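Peer 1: Dropping in query_20.tsv, which is TSV, C-alpha atoms:
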```
chain	number	residue	atom	x	y	z
S	1	MET	CA	226.42	153.64	-36.43
S	2	ALA	CA	223.99	151.77	-38.70
S	3	ASP	CA	224.26	154.61	-41.24
S	4	ASP	CA	227.93	153.65	-41.83
S	5	PHE	CA	226.94	150.19	-43.06
S	6	SER	CA	227.73	149.73	-46.73
S	7	PHE	CA	228.05	146.86	-49.15
S	8	LYS	CA	228.66	146.33	-52.84
S	9	ILE	CA	227.82	143.16	-54.72
S	10	VAL	CA	230.88	142.73	-56.92
S	11	GLU	CA	229.78	139.58	-58.74
S	12	THR	CA	226.92	137.09	-58.53
S	13	PHE	CA	227.99	133.54	-59.35
S	14	GLY	CA	224.62	131.84	-59.20
S	15	GLU	CA	221.26	131.35	-57.58
S	16	LEU	CA	220.62	128.55	-55.09
S	17	SER	CA	216.87	129.10	-54.60
S	18	THR	CA	214.01	131.59	-54.91
S	19	SER	CA	211.26	132.13	-52.34
S	20	LYS	CA	207.61	132.72	-53.17
S	21	ALA	CA	208.18	136.41	-52.30
S	22	GLY	CA	210.92	136.61	-54.93
S	23	TRP	CA	213.91	136.68	-52.57
S	24	LYS	CA	216.85	134.77	-54.02
S	25	THR	CA	219.56	132.91	-52.13
S	26	GLU	CA	222.74	133.54	-54.10
S	27	LEU	CA	226.46	132.89	-54.06
S	28	SER	CA	228.08	136.26	-54.60
S	29	SER	CA	231.27	138.20	-54.08
S	30	VAL	CA	230.46	141.09	-51.73
S	31	SER	CA	232.54	143.97	-50.41
S	32	TRP	CA	231.42	144.94	-46.90
S	33	GLY	CA	232.30	148.45	-45.71
S	34	ASP	CA	234.72	149.11	-48.61
S	35	ARG	CA	236.87	146.13	-47.58
S	36	PRO	CA	238.10	143.51	-50.09
S	37	ALA	CA	235.27	141.33	-51.39
S	38	LYS	CA	234.61	137.91	-49.87
S	39	TYR	CA	232.34	135.08	-50.95
S	40	ASP	CA	228.84	135.31	-49.57
S	41	ILE	CA	225.82	132.99	-49.44
S	42	ARG	CA	222.75	135.03	-48.53
S	43	SER	CA	219.14	135.77	-49.48
S	44	TRP	CA	218.47	139.06	-51.26
S	45	SER	CA	215.30	140.98	-52.05
S	46	PRO	CA	214.47	141.28	-55.76
S	47	ASP	CA	216.07	144.76	-55.94
S	48	HIS	CA	219.15	143.67	-53.89
S	49	GLN	CA	218.53	146.51	-51.40
S	50	LYS	CA	217.55	144.25	-48.49
S	51	MET	CA	219.22	141.07	-47.31
S	52	GLY	CA	218.56	138.10	-45.08
S	53	LYS	CA	220.96	136.27	-42.83
S	54	GLY	CA	223.88	134.66	-44.55
S	55	VAL	CA	227.44	133.47	-44.30
S	56	THR	CA	230.58	135.19	-45.57
S	57	LEU	CA	233.59	133.08	-46.52
S	58	THR	CA	237.20	133.69	-47.49
S	59	ALA	CA	238.52	131.98	-50.62
S	60	GLU	CA	240.20	129.34	-48.42
S	61	GLU	CA	236.96	128.68	-46.50
S	62	LEU	CA	235.04	128.38	-49.77
S	63	LYS	CA	237.60	125.86	-51.09
S	64	ASN	CA	237.29	123.88	-47.85
S	65	LEU	CA	233.49	123.90	-48.19
S	66	ARG	CA	233.78	122.69	-51.79
S	67	ASP	CA	236.11	119.88	-50.72
S	68	LEU	CA	233.76	118.89	-47.89
S	69	LEU	CA	230.72	118.87	-50.21
S	70	ASN	CA	232.64	116.71	-52.70
S	71	THR	CA	233.08	114.04	-50.02
S	72	MET	CA	229.35	113.86	-49.29
S	73	ASN	CA	227.02	111.41	-50.99
S	74	LEU	CA	224.35	113.83	-52.20
```
When written as structure tokens, how does the structure in this file appear?
Peer 2:
Amino acid sequence: MADDFSFKIVETFGELSTSKAGWKTELSSVSWGDRPAKYDIRSWSPDHQKMGKGVTLTAEELKNLRDLLNTMNL
């Protein structure tokens, strides 16, 4: 079952942080299992072959997150 796992990074929009080991937390558009791409916030190894835990969002969820962040006093 794990052999069927596939992903394709369609576009990387930007980097949020970099760890000492070189892993980068990025906002990207990722297609999981040949499905339409969704927005993704996740840490990636320098070669983008390994990933950490993350969150995948639809366009509507990303807009809602943007609106929520805009209301916060950061």
Peer 1: Which is closer to Ser6 (chain S) than all the others in S:Val30, S:Met72, S:Leu62, S:Ala21, using all atoms listed in the file?
Peer 2: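 Among S:Val30, S:Met72, S:Leu62, S:Ala21, it is S:Val30 that comes nearest to Ser6 (chain S).
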Peer 1: Check the smallest atom-to-atom distance from each of S:Trp23, S:Ser17, S:Arg66, S:Thr12 to Trp44 (chain S) using only C-alpha atoms, then report the winner.
Peer 2: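 Going through S:Trp23, S:Ser17, S:Arg66, S:Thr12 one by one, the smallest distance to Trp44 (chain S) is for S:Trp23.
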Peer 1: Counting all atoms listed in the file, which of S:Leu65, S:Ile41, S:Val10, S:Leu74 gets nearest to Lys53 (chain S)?
Peer 2: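 Under the stated criterion, the closest residue is S:Ile41.
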Peer 1: Which distance in Å separates CA of Arg42 (chain S) and CA of Leu27 (chain S), to one decimal?
Peer 2: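 Answer for the CA of Arg42 (chain S) to CA of Leu27 (chain S) separation: 7.0 Å.
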Peer 1: Which residue gives the smallest distance to Lys38 (chain S) among S:Met51, S:Leu69, S:Leu16, S:Leu57, with only C-alpha atoms counted?
Peer 2: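 Looking only at the distances to Lys38 (chain S), the closest residue turns out to be S:Leu57.
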Peer 1: Would you mind listing what lies within 9 Å of Thr58 (chain S) as a list in words, with only C-alpha atoms counted and same-chain residues fewer than 3 positions away left out?
Peer 2: Ala37, Lys38, Tyr39, Asp40, Glu61, Leu62 and Lys63 of chain S
Peer 1: Residues as selected, C-alpha atoms, written as a PDB file, in the coordinates of the input, can you do that?
Peer 2:
```pdb
ATOM      1  CA  ALA S  37     235.270 141.330 -51.390  1.00  0.00           C
ATOM      2  CA  LYS S  38     234.610 137.910 -49.870  1.00  0.00           C
ATOM      3  CA  TYR S  39     232.340 135.080 -50.950  1.00  0.00           C
ATOM      4  CA  ASP S  40     228.840 135.310 -49.570  1.00  0.00           C
ATOM      5  CA  GLU S  61     236.960 128.680 -46.500  1.00  0.00           C
ATOM      6  CA  LEU S  62     235.040 128.380 -49.770  1.00  0.00           C
ATOM      7  CA  LYS S  63     237.600 125.860 -51.090  1.00  0.00           C
TER       8      LYS S  63
END
```
Peer 1: Looking at all atoms listed in the file, which of S:Thr71, S:Asn64, S:Ser43, S:Thr56 is the one that sits closest to Gly22 (chain S)?
Peer 2: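 Among the listed residues, S:Ser43 lies closest to Gly22 (chain S).
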Peer 1: Determine the nearest neighbour of Ile9 (chain S) from the options S:Trp32, S:Asp67, S:Asn73, S:Pro46, counting all atoms listed in the file.
Peer 2: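 Looking at the shortest contact to Ile9 (chain S), the residue is S:Trp32.
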Peer 1: For CA of Glu11 (chain S) and CA of Asn70 (chain S), quote the distance in Å rounded to one decimal.
Peer 2: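 CA of Asn70 (chain S) lies 23.8 Å from CA of Glu11 (chain S).
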Peer 1: Could you tell me how far CA of Gly54 (chain S) sits from CA of Phe7 (chain S), in Å to one decimal place?
Peer 2: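 Separating CA of Phe7 (chain S) from CA of Gly54 (chain S) is a distance of 13.7 Å.
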Peer 1: Give me the residues within 7 Å of Glu15 (chain S) as a VMD selection string, counting all atoms listed in the file and dropping any in the same chain fewer than 4 places off.
Peer 2: chain S and resid 24 to 27
